[in-house]
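Chemist: Sharing protein-v8.csv below, CSV, C-alpha atoms:
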```csv
chain,number,residue,atom,x,y,z
A,23,MET,CA,77.0,63.2,-46.2
A,24,GLN,CA,80.0,61.4,-44.8
A,25,ALA,CA,83.5,62.6,-45.6
A,26,ARG,CA,84.8,61.0,-48.8
A,27,LYS,CA,88.3,59.6,-49.3
A,28,ASP,CA,89.8,61.8,-51.9
A,29,TRP,CA,91.9,59.1,-53.4
A,30,THR,CA,88.9,56.9,-54.2
A,31,ALA,CA,87.7,59.5,-56.7
A,32,SER,CA,90.5,58.5,-59.0
A,33,VAL,CA,91.0,54.8,-58.2
A,34,ILE,CA,90.0,52.1,-60.7
A,35,TRP,CA,90.5,48.6,-59.3
A,36,TRP,CA,91.8,45.6,-61.2
A,37,HIS,CA,90.2,42.7,-59.3
A,38,VAL,CA,92.3,39.5,-59.1
A,39,TYR,CA,91.4,36.1,-57.6
A,40,PRO,CA,95.1,35.1,-56.8
A,41,LEU,CA,94.6,31.4,-56.1
A,42,GLY,CA,93.0,31.0,-59.5
A,43,PHE,CA,95.1,33.6,-61.4
A,44,LEU,CA,98.3,32.0,-60.2
A,45,ASP,CA,97.1,28.4,-60.8
A,46,ALA,CA,97.5,27.3,-57.1
A,47,GLU,CA,96.6,23.9,-55.8
A,48,ARG,CA,93.0,23.3,-54.8
A,49,HIS,CA,93.8,22.6,-51.2
A,50,ALA,CA,96.3,23.8,-48.5
A,51,VAL,CA,99.9,22.8,-48.8
A,52,SER,CA,102.7,22.8,-46.2
A,53,THR,CA,105.6,23.9,-48.4
A,54,VAL,CA,105.6,27.5,-49.5
A,55,GLN,CA,105.2,28.0,-53.2
A,56,HIS,CA,106.3,31.5,-54.3
A,57,ARG,CA,103.6,32.3,-56.8
A,58,LEU,CA,102.8,35.8,-55.6
A,59,PRO,CA,105.8,37.4,-57.3
A,60,ARG,CA,104.3,36.5,-60.7
A,61,LEU,CA,101.7,39.2,-60.0
A,62,LEU,CA,104.5,41.7,-60.3
A,63,ASN,CA,104.7,40.8,-64.0
A,64,TRP,CA,101.2,42.3,-64.4
A,65,LEU,CA,101.6,45.6,-62.6
A,66,ASP,CA,102.7,47.5,-65.7
A,67,TYR,CA,99.7,46.0,-67.6
A,68,VAL,CA,97.5,47.4,-64.9
A,69,ILE,CA,99.0,50.9,-65.4
A,70,ASP,CA,98.8,50.6,-69.2
A,71,LEU,CA,95.1,49.7,-68.9
A,72,GLY,CA,94.6,52.9,-67.0
A,73,ALA,CA,93.8,51.3,-63.7
A,74,ASN,CA,95.6,52.1,-60.4
A,75,GLY,CA,94.3,49.7,-57.8
A,76,LEU,CA,94.8,46.0,-57.2
A,77,LEU,CA,91.7,44.4,-55.5
A,78,LEU,CA,92.9,41.0,-54.2
A,79,ALA,CA,90.6,38.1,-53.4
A,80,PRO,CA,91.8,36.2,-50.3
A,81,ILE,CA,95.6,35.8,-49.9
A,82,PHE,CA,95.6,34.4,-46.4
A,83,ALA,CA,96.2,30.8,-45.4
A,84,SER,CA,93.1,28.7,-46.0
A,85,SER,CA,91.9,25.1,-46.6
A,86,SER,CA,90.8,25.5,-50.2
A,87,HIS,CA,89.2,28.4,-52.0
A,88,GLY,CA,90.4,31.2,-49.7
A,89,TYR,CA,87.2,31.9,-48.0
A,90,ASP,CA,87.8,29.1,-45.4
A,91,THR,CA,90.5,30.9,-43.6
A,92,LEU,CA,93.0,29.1,-41.4
A,93,ASP,CA,95.3,32.0,-40.4
A,94,HIS,CA,94.6,35.7,-41.0
A,95,TYR,CA,98.2,36.6,-40.2
A,96,ARG,CA,99.9,34.3,-42.7
A,97,ILE,CA,100.1,34.5,-46.5
A,98,ASP,CA,98.7,31.3,-48.0
A,99,PRO,CA,101.7,29.0,-48.6
A,100,ARG,CA,100.3,28.3,-52.1
A,101,LEU,CA,100.9,31.9,-52.9
A,102,GLY,CA,104.1,32.7,-51.0
A,103,ASP,CA,105.1,34.3,-47.7
A,104,GLN,CA,105.4,37.7,-46.0
A,105,ALA,CA,108.5,38.7,-48.0
A,106,ASP,CA,106.5,38.1,-51.2
A,107,PHE,CA,103.7,40.3,-50.0
A,108,ASP,CA,106.2,43.0,-49.0
A,109,ALA,CA,107.7,42.9,-52.5
A,110,LEU,CA,104.2,43.3,-54.0
A,111,VAL,CA,103.5,46.3,-51.8
A,112,ALA,CA,106.8,47.9,-52.7
A,113,SER,CA,106.2,47.3,-56.5
A,114,CYS,CA,102.7,48.7,-56.3
A,115,ARG,CA,104.0,51.7,-54.4
A,116,GLU,CA,106.5,52.4,-57.1
A,117,ARG,CA,103.7,52.6,-59.6
A,118,GLY,CA,101.1,54.4,-57.5
A,119,ILE,CA,98.9,51.3,-57.3
A,120,ARG,CA,96.6,50.9,-54.3
A,121,ILE,CA,96.1,47.5,-52.7
A,122,CYS,CA,92.7,46.3,-51.3
A,123,LEU,CA,92.7,43.0,-49.3
A,124,ASP,CA,89.7,40.7,-49.0
A,125,GLY,CA,88.8,40.3,-45.3
A,126,VAL,CA,87.0,37.0,-44.7
A,127,PHE,CA,85.9,37.8,-41.1
A,128,ASN,CA,82.3,36.7,-41.0
A,129,HIS,CA,83.3,33.1,-41.0
A,130,LEU,CA,86.4,30.9,-40.6
A,131,GLY,CA,87.4,27.5,-42.0
A,132,ARG,CA,86.3,24.7,-39.7
A,133,ASN,CA,89.9,23.8,-39.1
A,134,HIS,CA,90.9,27.2,-37.9
A,135,HIS,CA,92.3,26.9,-34.4
A,136,LEU,CA,89.7,29.4,-33.0
A,137,VAL,CA,86.9,27.2,-34.3
A,138,ARG,CA,88.3,24.0,-33.1
A,139,ARG,CA,88.8,25.6,-29.7
A,140,ALA,CA,85.2,26.9,-29.6
A,141,ILE,CA,83.7,23.6,-30.6
A,142,ALA,CA,85.8,21.8,-28.0
A,143,ALA,CA,84.6,24.2,-25.3
A,144,GLY,CA,81.0,24.4,-26.4
A,145,PRO,CA,78.3,27.1,-26.2
A,146,GLY,CA,78.1,29.4,-23.2
A,147,THR,CA,81.9,29.3,-22.6
A,148,PRO,CA,84.4,32.1,-23.2
A,149,GLU,CA,86.0,30.1,-26.0
A,150,GLY,CA,82.7,28.9,-27.4
A,151,ASP,CA,81.3,32.4,-27.6
A,152,TRP,CA,83.7,33.2,-30.4
A,153,ILE,CA,81.4,31.5,-32.8
A,154,LYS,CA,77.6,31.4,-33.5
A,155,TRP,CA,75.6,28.4,-32.5
A,156,SER,CA,72.3,26.9,-33.8
A,157,PRO,CA,69.4,26.5,-31.4
A,158,GLU,CA,70.2,22.8,-31.3
A,159,GLY,CA,73.8,23.5,-30.1
A,160,TYR,CA,75.7,23.0,-33.3
A,161,PRO,CA,78.2,25.4,-34.8
A,162,TRP,CA,76.4,27.9,-37.1
A,163,ASN,CA,77.5,27.2,-40.7
A,164,PHE,CA,77.6,30.1,-43.2
A,165,GLU,CA,74.8,29.7,-45.7
A,166,GLY,CA,74.7,26.0,-45.2
A,167,HIS,CA,78.4,25.3,-45.9
A,168,PRO,CA,79.6,22.9,-43.1
A,169,GLN,CA,83.3,23.9,-43.6
A,170,LEU,CA,82.5,27.6,-42.9
A,171,VAL,CA,81.7,28.5,-39.3
A,172,GLU,CA,80.4,31.9,-38.5
A,173,LEU,CA,82.2,34.1,-36.0
A,174,ASP,CA,80.1,36.1,-33.5
A,175,LEU,CA,81.3,39.6,-34.5
A,176,SER,CA,79.0,41.1,-31.8
A,177,ASN,CA,81.3,39.6,-29.2
A,178,PRO,CA,83.8,42.3,-28.1
A,179,VAL,CA,86.8,39.9,-28.1
A,180,VAL,CA,86.0,38.8,-31.6
A,181,ALA,CA,85.6,42.4,-32.7
A,182,GLU,CA,89.0,43.2,-31.2
A,183,TYR,CA,90.5,40.3,-33.0
A,184,VAL,CA,89.1,41.4,-36.4
A,185,GLY,CA,90.2,45.0,-35.8
A,186,ASP,CA,93.7,43.8,-34.9
A,187,VAL,CA,93.9,41.8,-38.2
A,188,MET,CA,92.7,44.7,-40.3
A,189,ILE,CA,95.1,47.2,-38.6
A,190,HIS,CA,98.0,44.7,-39.0
A,191,TRP,CA,97.8,44.5,-42.7
A,192,LEU,CA,97.1,48.2,-43.2
A,193,ASP,CA,100.3,48.7,-41.2
A,194,ARG,CA,102.0,46.4,-43.6
A,195,GLY,CA,101.0,48.5,-46.6
A,196,ALA,CA,97.4,47.7,-47.6
A,197,ASP,CA,95.2,50.7,-48.5
A,198,ALA,CA,91.8,49.2,-48.2
A,199,TRP,CA,89.7,46.2,-47.2
A,200,ARG,CA,86.8,44.4,-48.8
A,201,LEU,CA,84.7,42.8,-46.0
A,202,ASP,CA,83.4,39.6,-47.3
A,203,ALA,CA,79.7,38.7,-46.6
A,204,ALA,CA,79.4,42.0,-44.5
A,205,TYR,CA,75.6,41.6,-44.8
A,206,ALA,CA,75.6,38.4,-42.8
A,207,ALA,CA,76.7,39.9,-39.5
A,208,GLY,CA,74.6,43.0,-39.9
A,209,ALA,CA,75.7,46.7,-39.8
A,210,PRO,CA,75.7,47.1,-36.0
A,211,ALA,CA,78.3,44.4,-35.5
A,212,TRP,CA,80.7,46.1,-37.8
A,213,ARG,CA,80.5,49.6,-36.3
A,214,PRO,CA,82.9,49.2,-33.4
A,215,ILE,CA,85.4,47.3,-35.6
A,216,ILE,CA,85.4,49.9,-38.3
A,217,ASP,CA,85.6,52.8,-35.8
A,218,ARG,CA,88.7,51.3,-34.2
A,219,VAL,CA,90.3,50.6,-37.6
A,220,ARG,CA,89.4,54.1,-38.8
A,221,ALA,CA,91.1,55.7,-35.7
A,222,ALA,CA,94.3,53.9,-36.6
A,223,HIS,CA,94.1,54.4,-40.4
A,224,PRO,CA,91.7,57.3,-41.3
A,225,GLU,CA,92.6,57.1,-45.0
A,226,ALA,CA,91.8,53.4,-45.3
A,227,TRP,CA,88.9,52.6,-47.6
A,228,ILE,CA,86.5,50.0,-46.3
A,229,LEU,CA,84.1,48.2,-48.7
A,230,GLY,CA,81.4,45.9,-47.5
A,231,GLU,CA,80.0,43.1,-49.6
A,232,VAL,CA,76.3,43.8,-49.3
A,233,ILE,CA,73.9,42.2,-51.8
A,234,HIS,CA,70.5,43.6,-51.0
A,235,GLY,CA,69.4,47.0,-49.7
A,236,PRO,CA,68.8,49.3,-48.0
A,237,PHE,CA,72.4,50.1,-49.0
A,238,ALA,CA,72.7,53.7,-47.7
A,239,GLU,CA,71.4,52.8,-44.3
A,240,PHE,CA,73.8,49.9,-44.0
A,241,VAL,CA,76.8,52.1,-44.9
A,242,ALA,CA,75.8,54.8,-42.4
A,243,GLU,CA,75.1,52.3,-39.6
A,244,ALA,CA,78.2,50.2,-40.1
A,245,GLY,CA,80.5,53.2,-40.8
A,246,LEU,CA,81.6,51.8,-44.2
A,247,ASP,CA,82.9,53.9,-47.1
A,248,SER,CA,81.2,51.8,-49.8
A,249,ILE,CA,79.3,48.7,-50.7
A,250,THR,CA,79.2,46.4,-53.7
A,251,GLN,CA,76.6,47.8,-56.1
A,252,TYR,CA,74.9,44.5,-57.0
A,253,GLU,CA,71.7,46.2,-58.0
A,254,LEU,CA,73.3,48.2,-60.7
A,255,TRP,CA,75.4,45.2,-61.8
A,256,HIS,CA,72.3,43.0,-62.2
A,257,LEU,CA,70.2,45.6,-64.0
A,258,THR,CA,73.0,46.6,-66.3
A,259,TRP,CA,73.4,43.2,-67.8
A,260,THR,CA,69.7,42.5,-67.6
A,261,ALA,CA,68.9,45.7,-69.6
A,262,LEU,CA,71.4,44.8,-72.3
A,263,LYS,CA,70.5,41.1,-72.5
A,264,ASP,CA,66.7,41.5,-72.3
A,265,ARG,CA,66.6,44.7,-74.3
A,266,ASN,CA,65.0,46.6,-71.4
A,267,PHE,CA,66.6,49.9,-70.7
A,268,PHE,CA,63.7,50.7,-68.4
A,269,ALA,CA,65.4,48.4,-65.9
A,270,LEU,CA,68.6,50.3,-66.2
A,271,ASP,CA,66.7,53.6,-65.8
A,272,TRP,CA,65.3,52.4,-62.5
A,273,ALA,CA,68.7,51.3,-61.3
A,274,LEU,CA,70.3,54.6,-62.2
A,275,LYS,CA,67.7,56.5,-60.2
A,276,ASN,CA,68.6,54.4,-57.2
A,277,HIS,CA,72.3,54.8,-57.9
A,278,ARG,CA,71.9,58.6,-58.0
A,279,GLU,CA,70.4,58.5,-54.6
A,280,LEU,CA,73.2,56.4,-53.2
A,281,MET,CA,75.8,58.7,-54.6
A,282,ARG,CA,74.4,61.5,-52.4
A,283,SER,CA,76.0,59.8,-49.4
A,284,PHE,CA,78.8,57.5,-50.6
A,285,ARG,CA,80.5,56.2,-53.7
A,286,PRO,CA,79.4,52.6,-54.4
A,287,GLN,CA,81.8,50.0,-55.9
A,288,THR,CA,80.6,49.3,-59.4
A,289,PHE,CA,81.5,46.2,-61.5
A,290,LEU,CA,80.4,44.0,-64.4
A,291,SER,CA,81.8,40.7,-63.1
A,292,ASN,CA,83.6,39.4,-60.0
A,293,HIS,CA,84.9,36.1,-58.7
A,294,ASP,CA,81.4,35.0,-57.6
A,295,VAL,CA,79.3,35.6,-60.8
A,296,THR,CA,79.2,34.7,-64.5
A,297,ARG,CA,81.5,36.9,-66.5
A,298,ILE,CA,79.9,39.7,-68.5
A,299,ALA,CA,81.0,38.3,-71.8
A,300,SER,CA,79.2,35.0,-71.1
A,301,GLN,CA,76.2,36.8,-69.6
A,302,LEU,CA,75.4,38.8,-72.8
A,303,ASP,CA,74.2,37.2,-76.0
A,304,ASP,CA,75.7,39.8,-78.4
A,305,PRO,CA,79.4,40.5,-78.1
A,306,ARG,CA,78.8,44.1,-79.3
A,307,ASP,CA,76.9,44.7,-76.0
A,308,VAL,CA,80.0,43.9,-74.0
A,309,ARG,CA,81.5,47.1,-75.2
A,310,LEU,CA,78.3,48.9,-74.1
A,311,ALA,CA,78.6,47.4,-70.6
A,312,ALA,CA,82.2,48.5,-70.3
A,313,THR,CA,81.2,52.0,-71.4
A,314,LEU,CA,78.6,52.1,-68.6
A,315,LEU,CA,81.0,50.8,-66.0
A,316,LEU,CA,83.7,53.3,-66.7
A,317,LEU,CA,81.6,56.4,-67.3
A,318,LEU,CA,79.1,56.1,-64.5
A,319,PRO,CA,79.9,57.6,-61.1
A,320,GLY,CA,81.2,55.4,-58.3
A,321,VAL,CA,84.3,53.4,-57.7
A,322,PRO,CA,84.7,51.0,-60.7
A,323,SER,CA,86.5,47.7,-60.6
A,324,ILE,CA,87.4,45.5,-63.6
A,325,TYR,CA,87.5,41.8,-62.9
A,326,ALA,CA,90.8,40.6,-64.4
A,327,GLY,CA,90.2,39.2,-67.9
A,328,ASP,CA,87.0,41.1,-68.5
A,329,GLU,CA,89.0,43.7,-70.4
A,330,GLN,CA,90.2,40.9,-72.7
A,331,GLY,CA,86.8,39.4,-73.3
A,332,PHE,CA,87.3,36.3,-71.0
A,333,THR,CA,84.3,34.1,-70.7
A,334,GLY,CA,83.2,32.0,-67.8
A,335,THR,CA,79.9,30.8,-66.4
A,336,LYS,CA,79.2,30.3,-62.7
A,337,GLU,CA,77.7,26.9,-62.0
A,338,GLU,CA,76.2,25.4,-58.9
A,339,HIS,CA,78.5,22.4,-58.0
A,340,SER,CA,81.7,21.8,-56.1
A,341,TYR,CA,83.9,23.3,-58.7
A,342,GLY,CA,81.4,25.7,-60.2
A,343,ASP,CA,83.6,28.7,-59.8
A,344,ASP,CA,86.5,27.4,-61.8
A,345,SER,CA,85.5,28.9,-65.1
A,346,VAL,CA,85.3,32.4,-63.7
A,347,ARG,CA,88.5,32.0,-61.7
A,348,PRO,CA,90.9,30.7,-64.4
A,349,PRO,CA,94.7,30.7,-64.4
A,350,PHE,CA,96.5,33.5,-66.3
A,351,PRO,CA,99.7,33.3,-68.2
A,352,ASP,CA,102.9,34.2,-66.4
A,353,THR,CA,103.1,37.6,-68.2
A,354,PRO,CA,100.6,39.7,-70.3
A,355,GLU,CA,102.6,38.6,-73.4
A,356,GLY,CA,101.0,35.2,-73.0
A,357,LEU,CA,97.4,36.6,-73.6
A,358,LEU,CA,95.7,35.5,-76.8
A,359,PRO,CA,95.3,38.2,-79.4
A,360,PHE,CA,91.5,37.9,-79.6
A,361,GLY,CA,90.9,40.3,-76.7
A,362,ALA,CA,93.0,43.2,-78.1
A,363,GLU,CA,90.0,45.1,-79.5
A,364,LEU,CA,88.0,45.1,-76.3
A,365,HIS,CA,91.2,45.9,-74.3
A,366,ASP,CA,91.6,49.0,-76.5
A,367,HIS,CA,88.0,50.0,-75.8
A,368,TYR,CA,88.6,49.7,-72.0
A,369,ARG,CA,91.6,51.9,-72.3
A,370,GLU,CA,89.7,54.4,-74.4
A,371,MET,CA,86.9,54.6,-71.8
A,372,ILE,CA,89.3,54.8,-68.9
A,373,GLY,CA,91.1,57.6,-70.8
A,374,ILE,CA,87.8,59.6,-70.9
A,375,ARG,CA,87.3,59.0,-67.2
A,376,ARG,CA,90.8,60.2,-66.5
A,377,ARG,CA,90.3,63.3,-68.5
A,378,ASN,CA,87.0,64.0,-66.7
A,379,PRO,CA,87.7,63.2,-63.1
A,380,TRP,CA,84.3,64.8,-62.1
A,381,LEU,CA,82.6,61.6,-63.4
A,382,ALA,CA,83.4,59.9,-60.2
A,383,ASP,CA,80.7,62.0,-58.5
A,384,ALA,CA,78.5,63.0,-61.4
A,385,GLU,CA,74.8,63.5,-61.1
A,386,VAL,CA,73.0,60.9,-63.3
A,387,THR,CA,69.7,61.6,-65.1
A,388,THR,CA,68.1,59.9,-68.1
A,389,SER,CA,65.8,60.8,-71.0
A,390,ALA,CA,64.4,59.2,-74.2
A,391,VAL,CA,64.1,55.8,-72.4
A,392,ALA,CA,62.9,52.9,-74.6
A,393,ASN,CA,63.3,49.2,-74.6
A,394,THR,CA,66.4,49.3,-76.8
A,395,SER,CA,67.7,52.9,-76.3
A,396,ILE,CA,68.4,55.3,-73.6
A,397,THR,CA,70.1,58.7,-73.2
A,398,ILE,CA,72.2,59.1,-70.0
A,399,HIS,CA,73.1,62.6,-68.8
A,400,LEU,CA,76.1,63.0,-66.5
A,401,ALA,CA,76.7,66.4,-64.9
A,402,SER,CA,78.8,68.1,-62.3
A,403,GLY,CA,78.8,71.9,-62.0
A,404,GLU,CA,79.6,73.2,-65.5
A,405,HIS,CA,80.7,69.8,-66.8
A,406,ARG,CA,78.4,67.8,-69.0
A,407,LEU,CA,78.5,64.4,-70.8
A,408,GLU,CA,75.8,62.7,-72.7
A,409,LEU,CA,75.8,59.0,-73.4
A,410,ARG,CA,73.3,57.5,-75.9
A,411,LEU,CA,73.0,53.7,-76.1
A,412,ASN,CA,71.3,51.6,-78.7
A,413,THR,CA,70.8,47.8,-78.5
A,414,SER,CA,68.4,47.4,-81.4
A,415,GLU,CA,69.3,46.1,-84.9
A,416,GLU,CA,68.5,49.5,-86.5
A,417,PRO,CA,70.0,53.0,-86.0
A,418,VAL,CA,68.3,55.1,-83.4
A,419,ASP,CA,68.8,58.9,-83.7
A,420,GLY,CA,72.1,58.4,-85.4
A,421,VAL,CA,73.4,55.8,-83.0
A,422,PRO,CA,74.3,52.6,-84.9
A,423,PRO,CA,73.0,49.2,-83.9
A,424,HIS,CA,74.5,47.9,-80.6
A,425,SER,CA,76.6,51.0,-80.2
A,426,PHE,CA,76.8,54.2,-78.4
A,427,GLN,CA,77.6,57.9,-78.9
A,428,LEU,CA,79.1,60.4,-76.6
A,429,SER,CA,78.7,64.2,-76.7
```
The structure in this file should be written as C-alpha cells.
Modeler:
Amino acid sequence: MQARKDWTASVIWWHVYPLGFLDAERHAVSTVQHRLPRLLNWLDYVIDLGANGLLLAPIFASSSHGYDTLDHYRIDPRLGDQADFDALVASCRERGIRICLDGVFNHLGRNHHLVRRAIAAGPGTPEGDWIKWSPEGYPWNFEGHPQLVELDLSNPVVAEYVGDVMIHWLDRGADAWRLDAAYAAGAPAWRPIIDRVRAAHPEAWILGEVIHGPFAEFVAEAGLDSITQYELWHLTWTALKDRNFFALDWALKNHRELMRSFRPQTFLSNHDVTRIASQLDDPRDVRLAATLLLLLPGVPSIYAGDEQGFTGTKEEHSYGDDSVRPPFPDTPEGLLPFGAELHDHYREMIGIRRRNPWLADAEVTTSAVANTSITIHLASGEHRLELRLNTSEEPVDGVPPHSFQLS
C-alpha cells in the first residue's frame, strides 16, 4: 500500500465552482474584476460547517467555462488577479483550510497560444507535437468539443510544462491538485509528471478525475493519491432512489477493496452532475445520502450548496450546467432559511466524523441487506460504528421510515 498523506485523513473539502459561485461573465474579459475576494466571506462558514478544505474548480484564465484554458499562469480576470489569490491563500492559512486547484491539463482552449502555434506548424513538427492529431490531420478535440484541443502529455516537453505549472501554484500556496479528465491521457502519461511534482512537493495531494475502473490500477500506475469515486456516487443515489440497497452493498464491497491501497474522493454532487437534492425523489433521503458521505471512509467533498439543499439538474445543451453552478450571495447571511435543517444535519454528521477520525480508513462490511434497508458496519481496531438505513414507508427493526440509526 502506498504511503498516505496524513492530512488527508482529516480533510473535508467544500467544493466551489468559482465562475458560477461569484456570478462571473460567461466569456473572457480583458479588465480584471476582483470577485475572488468575495470567497473570503465564506471561509468562516466553511469552518462552522466543519469542513477544512476548499476544492476550487478552474480559476485560471479561460475563454468561457474554465475548462478551455488560455493561460495556466494567470488568474482568470473575471475572478481577479495574483494578489487576490495570495489573499485567499493567506486567509485560508489563518483558518487551517487547505486549497485544492483544478488542473485542466489534458486539453486547452483552442485560442491558447500553444494550440494556435501547434496548428500553424502542423503535425510532425516540434510545435505541432504539443497537441494530439486525428488520423486525417486535424487537431484532436476532447470528447468532440471543437473548442477543447487535447495536449499530448506523453511528449516530454508537454509533461515538463504541466509539471512546471503544478509546481508553480504549489509554491504559491496550494496544497493539492485535481487533474481534470485524467482518464483521457491514461495513467502512464501522468507518471513522469506526478513523480516530478512529488519530488518538489512530497506533501501535495494529487487527485485524478477517473470515471471508470480499474481504479486501483490507475492510481498505482499514474502515481496518484486518489481518484474521484464515481462508482460509489452513482450507486449511492441509485440505491436510495430506486430502493435497491443491493446496489449500495456491491459498491461498498468495491470501495472496501480500494481503501486497501488509497483513500478515494467521495461526493454526492459536483459541478458536472445533477445535485443530490434533485436526483432523489424523497427529501428525507437527502439526509441519508449526507450521512453516508460523511461516515463512510475516504476523502469526502461537499459540493457548495448541497448542505443547504440546493437543487439543480444537469442538462445536455450549451448552458446545461447553469443550474448546478449557480451564483451565491455575497455572504452566508444571504442564504435562504429553508436549508437550515439540512445544514444542521451536515454539521452533526461532520461532528461525528471529527470525533471518530478513524472513520477515514474504516473497514466497511454490511449485513441485513434488503431492497429498502441495510446495516453498514464500520470498524478500525477496537473502534466500531453501526449505521442502519431504512428507505421504506414502514419502520424496520426500530428504524423509522426514510431514516437511520447509529450505534
Chemist: Using all atoms listed in the file, can you tell me which of A:Val38, A:Trp64, A:Leu201, A:Asp28 comes closest to A:Glu355?
Modeler: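 Between A:Val38, A:Trp64, A:Leu201, A:Asp28, the residue approaching A:Glu355 most closely is A:Trp64.
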Chemist: Provide the atom CA of A:Asn378 to atom CA of A:Thr260 distance in Å, to one decimal place.
Modeler: 27.6 Å
Chemist: Just the residues within 6 Å of stretch 261-265 of chain A, please, counting all atoms listed in the file, with nothing from its chain fewer than 6 positions along; format it as an mmCIF file with C-alpha atoms, keeping the file's coordinate frame.
Modeler:
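File produced: around.cif:
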```
data_model
loop_
_atom_site.group_PDB
_atom_site.id
_atom_site.type_symbol
_atom_site.label_atom_id
_atom_site.label_comp_id
_atom_site.auth_asym_id
_atom_site.auth_seq_id
_atom_site.Cartn_x
_atom_site.Cartn_y
_atom_site.Cartn_z
ATOM 1 C CA LEU A 302 75.400 38.800 -72.800
ATOM 2 C CA ASN A 393 63.300 49.200 -74.600
ATOM 3 C CA THR A 394 66.400 49.300 -76.800
#
```
Chemist: Using all atoms listed in the file, which of the listed residues (A:Pro178, A:Pro422, A:Pro59, A:Pro379) sits closest to A:Leu318?
Modeler: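 For A:Leu318, the nearest of the given residues is A:Pro379.
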Chemist: Using only C-alpha atoms, which of A:Val126, A:Leu257, A:Ala203, A:Ile153 sits nearest A:Ala273?
Modeler: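 Among A:Val126, A:Leu257, A:Ala203, A:Ile153, it is A:Leu257 that comes nearest to A:Ala273.
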Chemist: Taking all atoms listed in the file into account, which of A:Ala299, A:Leu254, A:Val241, A:Leu428 comes nearest A:His277?
Modeler: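 Result for the nearest residue to A:His277: A:Leu254.
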Chemist: Considering all atoms listed in the file, state which residue in the set A:Ile121, A:Ala238, A:Leu381, A:Val308 is at the smallest distance from A:Ala226.
Modeler: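 That would be A:Ile121, the residue with the smallest distance to A:Ala226.
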Chemist: Would you give me, as a Markdown table, each residue of stretch 167-212 of chain A having an atom within 8 Å of an atom of stretch 103-116 of chain A, along with its shortest atom pair and that distance in Å to one decimal, using all atoms listed in the file and sorting by chain and residue number?
Modeler:
```
| residue | atom | partner | partner_atom | distance |
| --- | --- | --- | --- | --- |
| A:Arg194 | CA | A:Asp108 | CA | 7.6 |
| A:Gly195 | CA | A:Val111 | CA | 6.2 |
| A:Ala196 | CA | A:Val111 | CA | 7.5 |
```
Chemist: Report as a PyMOL selection string all protein, DNA and RNA residues lying within 8 Å of A:Arg139, evaluated on all atoms listed in the file, omitting residues in the same chain fewer than 3 positions from it.
Modeler: chain A and resi 135-136+142-143+149-150
Chemist: Could you give me, as a compact mmCIF listing (two decimals) with C-alpha atoms, keeping the file's coordinate frame, the residues that sit within 10 Å of (81.5, 50.0, -73.2) in the file's coordinates, counting only C-alpha atoms?
Modeler:
```
# COMPACT_ATOMS: atom_id res chain seq x y z
CA ARG A 306 78.80 44.10 -79.30
CA ASP A 307 76.90 44.70 -76.00
CA VAL A 308 80.00 43.90 -74.00
CA ARG A 309 81.50 47.10 -75.20
CA LEU A 310 78.30 48.90 -74.10
CA ALA A 311 78.60 47.40 -70.60
CA ALA A 312 82.20 48.50 -70.30
CA THR A 313 81.20 52.00 -71.40
CA LEU A 314 78.60 52.10 -68.60
CA LEU A 315 81.00 50.80 -66.00
CA LEU A 316 83.70 53.30 -66.70
CA LEU A 317 81.60 56.40 -67.30
CA LEU A 364 88.00 45.10 -76.30
CA HIS A 367 88.00 50.00 -75.80
CA TYR A 368 88.60 49.70 -72.00
CA GLU A 370 89.70 54.40 -74.40
CA MET A 371 86.90 54.60 -71.80
CA LEU A 411 73.00 53.70 -76.10
CA SER A 425 76.60 51.00 -80.20
CA PHE A 426 76.80 54.20 -78.40
```
